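The file model_10.txt contains compact mmCIF, C-alpha atoms:
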# COMPACT_ATOMS: atom_id res chain seq x y z
CA MET A 1 125.99 115.87 101.54
CA TYR A 2 123.61 115.19 98.75
CA TYR A 3 123.97 113.44 95.44
CA VAL A 4 122.22 115.49 92.75
CA ALA A 5 122.04 115.69 88.99
CA ARG A 6 123.62 118.65 87.21
CA VAL A 7 123.02 119.63 83.60
CA ASP A 8 125.81 120.95 81.40
CA GLU A 9 123.61 123.76 80.09
CA GLU A 10 125.82 124.80 77.19
CA LYS A 11 126.03 121.27 75.87
CA CYS A 12 122.34 120.62 76.48
CA ALA A 13 121.38 123.81 74.57
CA THR A 14 122.96 122.42 71.40
CA TYR A 15 120.26 119.72 71.27
CA ASN A 16 116.52 120.11 71.15
CA CYS A 17 115.31 117.02 72.95
CA LYS A 18 113.60 117.58 76.37
CA GLN A 19 113.61 113.81 76.90
CA CYS A 20 115.11 113.79 80.41
CA THR A 21 112.32 116.03 81.73
CA LEU A 22 109.80 113.38 80.64
CA PHE A 23 111.43 110.56 82.59
CA CYS A 24 112.26 112.14 85.96
CA PRO A 25 110.12 110.45 88.64
CA GLU A 26 109.95 113.64 90.71
CA ALA A 27 107.52 116.46 89.99
CA ASN A 28 108.84 119.98 89.28
CA THR A 29 112.47 118.85 89.56
CA LEU A 30 114.08 118.41 86.18
CA MET A 31 112.71 121.41 84.30
CA PHE A 32 113.24 122.95 80.89
CA ASP A 33 114.27 126.59 80.41
CA GLU A 34 112.94 127.83 77.09
CA LYS A 35 115.15 130.94 77.01
CA LYS A 36 118.35 128.94 77.39
CA ASN A 37 116.94 125.97 75.44
CA SER A 38 118.34 123.75 78.15
CA ALA A 39 117.17 121.48 80.94
CA TYR A 40 118.07 122.44 84.52
CA VAL A 41 117.75 120.72 87.88
CA ASN A 42 115.86 122.11 90.84
CA GLU A 43 118.56 120.80 93.18
CA PRO A 44 116.78 120.86 96.57
CA ARG A 45 114.17 118.52 95.09
CA CYS A 46 116.51 116.08 93.34
CA LYS A 47 116.71 112.69 95.09
CA GLY A 48 119.74 111.56 93.09
CA CYS A 49 118.33 108.50 91.34
CA ALA A 50 120.32 109.17 88.14
CA LEU A 51 117.50 108.06 85.84
CA CYS A 52 118.07 111.24 83.82
CA VAL A 53 121.70 110.20 83.35
CA TYR A 54 120.51 106.85 81.98
CA VAL A 55 118.18 108.62 79.54
CA CYS A 56 120.75 111.23 78.46
CA SER A 57 123.89 109.08 78.34
CA ASP A 58 122.82 105.47 77.82
CA LEU A 59 119.77 105.92 75.62
CA LEU A 60 120.52 109.15 73.75
CA LYS A 61 124.37 109.17 73.96
CA ARG A 62 124.40 112.91 74.66
CA ASP A 63 126.19 112.96 78.03
CA CYS A 64 124.84 116.30 79.23
CA ILE A 65 123.94 115.26 82.80
CA THR A 66 126.32 114.21 85.56
CA MET A 67 125.78 113.22 89.18
CA GLU A 68 127.58 115.42 91.70
CA MET A 69 127.99 115.66 95.45
CA VAL A 70 126.80 118.92 96.93
CA THR A 71 126.96 120.15 100.50
CA THR A 72 124.41 122.28 102.27
CA GLU A 73 125.68 125.39 103.98
CA MET B 74 91.82 121.27 81.19
CA GLY B 75 89.92 124.43 81.83
CA LEU B 76 89.87 125.82 85.31
CA ARG B 77 87.96 128.96 84.47
CA TYR B 78 85.84 129.02 87.55
CA VAL B 79 88.76 128.98 89.96
CA GLN B 80 90.59 131.91 88.39
CA PRO B 81 90.91 134.57 91.08
CA ALA B 82 89.33 137.99 90.68
CA PRO B 83 91.86 140.75 89.96
CA GLY B 84 93.05 142.32 93.21
CA PHE B 85 92.32 139.15 95.12
CA LYS B 86 95.29 137.22 93.76
CA GLN B 87 97.77 138.74 96.23
CA TYR B 88 95.91 137.17 99.16
CA LEU B 89 95.89 133.65 97.75
CA PRO B 90 98.52 131.02 98.70
CA LYS B 91 101.65 131.19 96.54
CA ASP B 92 101.33 127.58 95.38
CA TYR B 93 97.84 128.25 94.11
CA VAL B 94 98.83 131.41 92.24
CA ASP B 95 101.81 129.56 90.74
CA LEU B 96 99.45 126.89 89.41
CA ILE B 97 97.48 129.63 87.64
CA ASP B 98 100.52 131.54 86.33
CA PHE B 99 102.83 128.62 85.47
CA GLY B 100 100.69 125.52 85.88
CA PRO B 101 97.78 123.76 84.21
CA PHE B 102 94.99 125.83 85.80
CA GLY B 103 93.08 127.53 83.01
CA LYS B 104 95.29 126.20 80.22
CA GLU B 105 95.55 123.13 78.07
CA VAL B 106 98.68 121.16 78.94
CA ASP B 107 99.77 117.75 77.86
CA ALA B 108 101.89 115.14 79.62
CA SER B 109 104.43 115.40 76.78
CA GLN B 110 105.13 118.97 78.00
CA LEU B 111 106.23 117.77 81.45
CA GLY B 112 109.09 119.90 82.77
CA GLN B 113 107.74 123.00 81.05
CA PHE B 114 104.93 123.85 83.47
CA LYS B 115 104.34 123.69 87.20
CA GLU B 116 102.73 120.36 87.95
CA ILE B 117 99.79 119.87 90.29
CA LEU B 118 101.83 117.19 92.04
CA GLU B 119 104.19 118.46 94.73
CA GLU B 120 107.15 117.09 96.67
CA HIS B 121 106.50 113.70 98.29
CA PRO B 122 108.41 111.15 100.37
CA MET B 123 108.56 108.26 97.87
CA CYS B 124 111.94 106.59 97.30
CA ALA B 125 114.53 107.91 94.84
CA GLY B 126 113.99 106.52 91.35
CA CYS B 127 110.63 104.96 92.20
CA TRP B 128 108.75 104.02 89.06
CA MET B 129 105.45 104.27 90.91
CA ALA B 130 106.27 107.92 91.70
CA TYR B 131 106.86 108.40 87.97
CA PHE B 132 103.49 106.83 87.18
CA VAL B 133 101.78 109.15 89.67
CA ARG B 134 103.53 112.13 88.10
CA VAL B 135 102.33 111.24 84.61
CA PHE B 136 98.88 110.39 85.95
CA TYR B 137 98.38 113.85 87.43
CA ALA B 138 99.62 115.49 84.25
CA SER B 139 97.20 113.40 82.15
CA LEU B 140 93.92 114.03 83.96
CA PRO B 141 91.38 115.29 81.41
CA ASN B 142 89.64 117.46 83.98
CA PRO B 143 91.71 117.82 87.19
CA GLU B 144 89.47 120.43 88.79
CA ASP B 145 86.58 117.95 88.85
CA THR B 146 88.53 114.83 89.73
CA ILE B 147 88.64 113.04 93.06
CA VAL B 148 91.39 110.50 93.68
CA LEU B 149 91.07 107.63 96.12
CA GLY B 150 93.97 105.76 97.57
CA THR B 151 94.69 103.30 100.28
CA ALA B 152 97.57 102.28 102.51
CA GLY B 153 100.61 101.52 100.43
CA CYS B 154 103.32 103.37 98.58
CA ALA B 155 101.29 105.24 95.96
CA ARG B 156 99.24 107.29 98.43
CA LEU B 157 102.42 108.98 99.68
CA ALA B 158 102.56 110.89 96.39
CA LEU B 159 98.87 110.78 95.45
CA SER B 160 97.97 112.83 98.51
CA GLN B 161 100.46 115.60 97.65
CA ALA B 162 98.64 117.10 94.70
CA ALA B 163 96.19 119.94 94.08
CA VAL B 164 93.37 117.44 93.60
CA PRO B 165 91.04 116.19 96.37
CA PHE B 166 92.30 112.92 97.78
CA ILE B 167 90.43 110.40 99.93
CA TYR B 168 92.35 107.89 101.98
CA GLY B 169 90.32 104.70 102.33
CA ASN B 170 90.84 101.89 104.79
CA TYR B 171 93.04 99.17 103.41
CA GLY B 172 91.35 97.44 100.52
CA ASP B 173 88.11 99.40 100.43
CA THR B 174 89.02 101.96 97.74
CA ASN B 175 86.56 100.56 95.23
CA ALA B 176 83.73 100.39 97.76
CA VAL B 177 84.32 104.03 98.75
CA ALA B 178 84.64 105.04 95.10
CA SER B 179 81.30 103.35 94.30
CA GLY B 180 79.47 105.34 96.96
CA LEU B 181 81.29 108.53 96.05
CA THR B 182 80.46 108.25 92.35
CA ARG B 183 76.77 107.79 93.15
CA ALA B 184 76.77 110.63 95.68
CA LEU B 185 78.46 113.00 93.23
CA ASN B 186 75.89 112.16 90.56
CA LEU B 187 73.11 113.11 92.98
CA ARG B 188 74.82 116.23 94.31
CA PHE B 189 76.12 117.56 90.96
CA PRO B 190 73.74 116.22 88.31
CA ASP B 191 74.79 118.96 85.86
CA LYS B 192 78.55 118.41 86.23
CA GLN B 193 80.83 115.57 85.25
CA LYS B 194 82.93 114.52 88.23
CA ASP B 195 85.63 111.93 87.67
CA VAL B 196 86.47 109.42 90.37
CA VAL B 197 89.72 107.47 90.14
CA ALA B 198 90.74 104.75 92.59
CA ILE B 199 94.48 104.07 92.58
CA ALA B 200 95.93 101.38 94.77
CA GLY B 201 98.66 98.81 94.67
CA ASP B 202 98.50 95.11 93.97
CA GLY B 203 97.84 94.39 97.66
CA GLY B 204 95.05 96.93 97.96
CA LEU B 205 93.19 95.84 94.84
CA MET B 206 94.01 92.21 94.17
CA ASP B 207 94.73 90.74 97.62
CA ILE B 208 93.07 92.46 100.54
CA GLY B 209 90.59 94.53 98.55
CA PHE B 210 89.89 91.78 96.03
CA SER B 211 86.19 91.28 96.84
CA MET B 212 85.43 94.99 96.82
CA THR B 213 87.31 95.51 93.57
CA MET B 214 85.49 92.64 91.88
CA HIS B 215 82.07 93.62 93.18
CA SER B 216 82.44 97.23 92.05
CA TRP B 217 83.09 95.83 88.56
CA PHE B 218 80.17 93.38 88.75
CA ARG B 219 77.91 96.29 89.70
CA ARG B 220 79.28 98.24 86.69
CA GLU B 221 80.15 101.30 88.76
CA LYS B 222 81.27 104.16 86.56
CA PHE B 223 84.76 105.01 87.75
CA THR B 224 88.35 104.19 86.88
CA THR B 225 90.46 101.71 88.83
CA ILE B 226 94.22 101.85 88.40
CA MET B 227 96.48 99.19 89.82
CA VAL B 228 100.08 100.31 90.32
CA ASP B 229 101.61 96.87 90.49
CA ASN B 230 104.99 96.67 92.21
CA GLU B 231 104.60 92.92 92.75
CA VAL B 232 105.35 93.08 96.47
CA TYR B 233 104.20 94.63 99.75
CA GLY B 234 106.77 97.38 99.41
CA ASN B 235 106.59 99.39 102.61
CA THR B 236 106.01 96.60 105.11
CA GLY B 237 109.23 94.75 104.45
CA GLY B 238 108.72 92.76 101.25
CA GLN B 239 106.00 90.12 101.68
CA GLU B 240 104.80 88.33 98.55
CA SER B 241 101.52 89.47 97.08
CA GLY B 242 99.11 87.76 94.71
CA MET B 243 100.74 89.72 91.90
CA SER B 244 104.33 88.64 92.64
CA PRO B 245 105.65 86.46 89.81
CA LYS B 246 105.97 82.72 90.42
CA GLY B 247 109.25 81.64 91.95
CA VAL B 248 110.37 85.06 93.09
CA GLN B 249 112.27 85.22 96.38
CA LEU B 250 111.55 88.18 98.60
CA LYS B 251 112.76 89.27 102.02
CA MET B 252 109.65 87.97 103.74
CA ALA B 253 109.11 85.08 101.27
CA PRO B 254 112.50 83.36 101.33
CA LYS B 255 111.29 80.03 99.93
CA GLY B 256 110.04 81.65 96.75
CA LYS B 257 106.49 82.16 95.62
CA LYS B 258 104.70 78.93 94.72
CA PHE B 259 101.79 80.29 92.71
CA ASP B 260 101.33 82.22 89.51
CA LYS B 261 100.71 85.92 89.23
CA LEU B 262 96.98 86.70 89.28
CA PRO B 263 95.57 87.38 85.82
CA ALA B 264 94.24 90.82 86.78
CA THR B 265 93.34 92.08 83.30
CA GLU B 266 91.55 88.85 82.42
CA LEU B 267 89.53 89.09 85.65
CA ALA B 268 88.64 92.68 84.80
CA LYS B 269 87.39 91.69 81.33
CA LEU B 270 85.30 88.85 82.76
CA ALA B 271 83.88 91.06 85.50
CA GLY B 272 82.57 93.55 82.97
CA CYS B 273 85.14 96.35 82.68
CA VAL B 274 84.55 98.21 79.42
CA TYR B 275 88.15 99.37 78.97
CA VAL B 276 91.09 97.33 80.23
CA VAL B 277 94.77 98.08 79.72
CA LYS B 278 98.00 96.39 80.71
CA ILE B 279 100.97 98.71 80.41
CA ALA B 280 104.56 99.22 81.47
CA PRO B 281 105.16 102.98 81.71
CA THR B 282 107.92 103.48 79.15
CA ASN B 283 106.16 105.61 76.57
CA ILE B 284 104.73 108.77 78.06
CA LYS B 285 102.41 109.61 75.16
CA ARG B 286 100.84 106.18 75.19
CA LEU B 287 100.52 106.15 78.98
CA SER B 288 98.90 109.56 79.00
CA LYS B 289 96.49 108.58 76.25
CA VAL B 290 95.51 105.41 78.10
CA ILE B 291 94.82 107.29 81.36
CA LYS B 292 92.68 109.86 79.53
CA ARG B 293 90.78 107.13 77.69
CA ALA B 294 90.12 105.15 80.88
CA ILE B 295 88.64 108.21 82.58
CA LEU B 296 86.54 109.22 79.56
CA ALA B 297 85.18 105.69 79.07
CA ALA B 298 84.28 105.46 82.77
CA ARG B 299 82.15 108.60 82.47
CA HIS B 300 79.70 107.05 80.06
CA PHE B 301 79.98 103.28 79.89
CA GLY B 302 81.10 101.52 83.05
CA PRO B 303 84.13 100.43 85.04
CA THR B 304 87.58 100.79 83.49
CA PHE B 305 90.84 99.27 84.65
CA ILE B 306 94.54 99.98 84.09
CA HIS B 307 97.16 97.49 85.22
CA ALA B 308 100.50 99.30 85.29
CA TYR B 309 103.90 97.81 86.04
CA THR B 310 105.60 100.11 88.55
CA SER B 311 108.61 98.24 89.88
CA CYS B 312 109.80 98.40 93.48
CA ASN B 313 113.50 99.17 93.13
CA ILE B 314 114.09 98.60 96.86
CA GLU B 315 112.53 95.14 97.29
CA TYR B 316 113.59 93.88 93.86
CA SER B 317 117.10 95.40 94.22
CA ILE B 318 117.03 97.35 90.97
CA PRO B 319 119.69 100.10 90.84
CA THR B 320 117.78 103.41 90.62
CA GLU B 321 119.34 104.44 87.31
CA GLU B 322 118.22 101.14 85.75
CA VAL B 323 114.56 101.36 86.69
CA LEU B 324 113.58 102.50 83.20
CA LYS B 325 115.75 99.79 81.65
CA ASP B 326 113.98 97.20 83.83
CA ALA B 327 110.56 98.51 82.76
CA ARG B 328 111.60 98.24 79.11
CA GLU B 329 112.81 94.68 79.64
CA ARG B 330 109.62 93.66 81.41
CA GLU B 331 107.62 95.28 78.62
CA LYS B 332 109.30 92.94 76.15
CA LYS B 333 108.97 89.93 78.44
CA ASP B 334 105.58 89.77 80.12
CA PHE B 335 104.21 93.31 80.39
CA GLY B 336 103.59 94.09 76.74
CA PHE B 337 100.98 96.71 75.96
CA GLU B 338 97.47 95.27 75.81
CA GLU B 339 94.36 97.35 75.27
CA TYR B 340 90.86 95.91 75.39
CA MET B 341 87.67 97.87 74.86
CA THR B 342 84.07 97.05 74.09
CA ASP B 343 82.63 97.95 70.69
CA GLU B 344 80.63 100.89 72.01
CA VAL B 345 83.74 102.34 73.70
CA ARG B 346 85.71 101.90 70.47
CA ALA B 347 83.01 103.74 68.53
CA PHE B 348 83.04 106.52 71.17
CA PHE B 349 86.82 107.05 70.87
CA GLU B 350 86.70 106.92 67.09
CA GLU B 351 84.09 109.67 67.11
CA ILE B 352 86.20 111.82 69.46
CA GLU B 353 89.27 111.39 67.25
CA LYS B 354 87.26 112.18 64.15
CA LYS B 355 86.05 115.42 65.74
CA LYS B 356 89.61 116.35 66.73
CA LYS B 357 90.79 115.85 63.15
CA GLU B 358 87.97 118.02 61.84
CA VAL B 359 88.92 120.81 64.27
CA ARG B 360 92.57 120.59 63.14
CA ALA B 361 91.57 120.66 59.49
Could you express the structure from this file as structure tokens?
Amino acid sequence: MYYVARVDEEKCATYNCKQCTLFCPEANTLMFDEKKNSAYVNEPRCKGCALCVYVCSDLLKRDCITMEMVTTE
Amino acid sequence: MGLRYVQPAPGFKQYLPKDYVDLIDFGPFGKEVDASQLGQFKEILEEHPMCAGCWMAYFVRVFYASLPNPEDTIVLGTAGCARLALSQAAVPFIYGNYGDTNAVASGLTRALNLRFPDKQKDVVAIAGDGGLMDIGFSMTMHSWFRREKFTTIMVDNEVYGNTGGQESGMSPKGVQLKMAPKGKKFDKLPATELAKLAGCVYVVKIAPTNIKRLSKVIKRAILAARHFGPTFIHAYTSCNIEYSIPTEEVLKDAREREKKDFGFEEYMTDEVRAFFEEIEKKKKEVRA
């Protein structure tokens, strides 16, 4: 079981901010998709620190990212 | 950034490692990228074993995205947390013995000047507070006294993070740590003041909360080291494990410390100031 960040892509696409991608401590993990105009998480690389949730929810009040449990198959 | 001379010949690309080709197709090789575009290109830094939410890992990420000339940069590290990530990038990395980063960097800078007199090679020594201000103190100071032309970056987590939490010279006064249960009795070392006295031409104290400013400072430190002398960055990169900071509040902690005792300070000599002003003037002329 892993704890990873997930982006609500539809909600994220309504904003044009890209702030969470600037504050993730991991490289190549929280990326921005220009076609969808939304951030997305490279889940196998996410360590689950929830810093992006702090940036998105606490600082920007946009609530697009949630932390979720995932299982490997 | 301009990695023209490592672009593969057509037809040869299919035989190169995937990571390398990705850096050309989606990464900074051969293109101009900026740290404020993080998340939109493949970074030269790869996966590493640093802790979740580590602010030092964040600093290393921004550092690698800010290098003015990554193809001609050599990074030196030492035992400690930062080297776990520093060594996982598409930039040559040298692992010194504990505390000798600045001695190795001195020799390396001189050797590179002899071997590549026509090329500018950047040498950057990055180590923690233990590596630079405790155990490597004499070598750090003497490299500055000798005015060696390279950049020293101290990623200060105020503790010996991966040996169980002993106090370091940079731990704040009074702080209780796992291996210092009585609390630290002495003040934090004035690292930036020492650097100024020892002859560093560009000295910065920063808490990494503003990516544009951090990136600018890293670029400036490397550029100033090319021409004028030693440069030093003292960055606050908290240890969320030893200081029990919840991972999601690491940025909040950095912002609080920035207000308290880690406010942005930038010192440069007059000649360095004139050098940067000229660069910025040229940039404005190009834009106009």
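For Ser317 in chain B, the residues within 12 Å (counting only C-alpha atoms, excluding itself and residues fewer than 6 positions away along the chain) are Gly126, Cys127, Gly234, Gly238, Gln249, Leu250, Lys251, Ser311, Val323 and Asp326 of chain B.
If you take only C-alpha atoms and a cut-off of 7 Å, the residues of chain A that reach chain B are A:Thr21, A:Leu22, A:Cys24, A:Pro25, A:Glu26, A:Ala27, A:Asn28, A:Leu30, A:Met31, A:Phe32, A:Lys47, A:Gly48, A:Cys49, A:Ala50, A:Leu51, A:Tyr54.
Contact shell of range 219-230 of chain B at 7 Å (only C-alpha atoms; same-chain neighbours under 4 positions omitted): B:Met129, B:Ser179, B:Asp195, B:Val196, B:Val197, B:Ala198, B:Ile199, B:Ala200, B:Gly201, B:Asp202, B:Leu205, B:His215, B:Gly272, B:Ala294, B:Ile295, B:Ala298, B:Arg299, B:Phe301, B:Gly302, B:Pro303, B:Thr304, B:Phe305, B:Ile306, B:His307, B:Ala308, B:Tyr309, B:Thr310, B:Ser311, B:Cys312.
Atom pair CA of Val7 in chain A / CA of Thr71 in chain A: separated by 17.4 Å.
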Would you pick out the contacts of range 340-356 of chain B at 7 Å or less, using all atoms listed in the file, so that residues sharing its chain but fewer than 6 positions from it are not included, and give the list as a PDB file with C-alpha atoms, keeping the file's coordinate frame?
ATOM      1  CA  VAL B 274      84.550  98.210  79.420  1.00  0.00           C
ATOM      2  CA  TYR B 275      88.150  99.370  78.970  1.00  0.00           C
ATOM      3  CA  VAL B 276      91.090  97.330  80.230  1.00  0.00           C
ATOM      4  CA  VAL B 277      94.770  98.080  79.720  1.00  0.00           C
ATOM      5  CA  ALA B 297      85.180 105.690  79.070  1.00  0.00           C
TER       6      ALA B 297
END
Taking (81.2, 87.8, 85.4) as a centre in this file's frame and 10 Å as the limit, can you find every polymer residue with an atom that close, using all atoms listed in the file, and give them as a ChimeraX atom specification?
/B:214-215,217-218,267-273
Please identify all polymer residues lying at most 7 Å from the point (121.6, 123.7, 79.3) (file coordinates), using only C-alpha atoms, and present the result as a list in words.
Val7, Asp8, Glu9, Glu10, Lys11, Cys12, Ala13, Lys36, Asn37, Ser38, Ala39 and Tyr40 of chain A
Between CA of Glu68 in chain A and CA of Val4 in chain A lies a distance of 5.5 Å
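Each of B:Gly84, B:Gly169, B:Pro90, B:Pro141 was compared to Lys104 in chain B using all atoms listed in the file, and B:Pro141 turns out to be the nearest.
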Non-local contacts of Val53 in chain A (9 Å; all atoms listed in the file; under 4 positions in same chain excluded) as a ChimeraX atom specification
/A:5,20,49,57-58,63-67 /B:321
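The interatomic distance for the pair CA of Lys258 in chain B and CA of Ser244 in chain B works out to 9.9 Å.
Residue nearest Thr72 in chain A, chosen from A:Met1, A:Cys46, A:Thr29, A:Arg6 and counting all atoms listed in the file: A:Met1.
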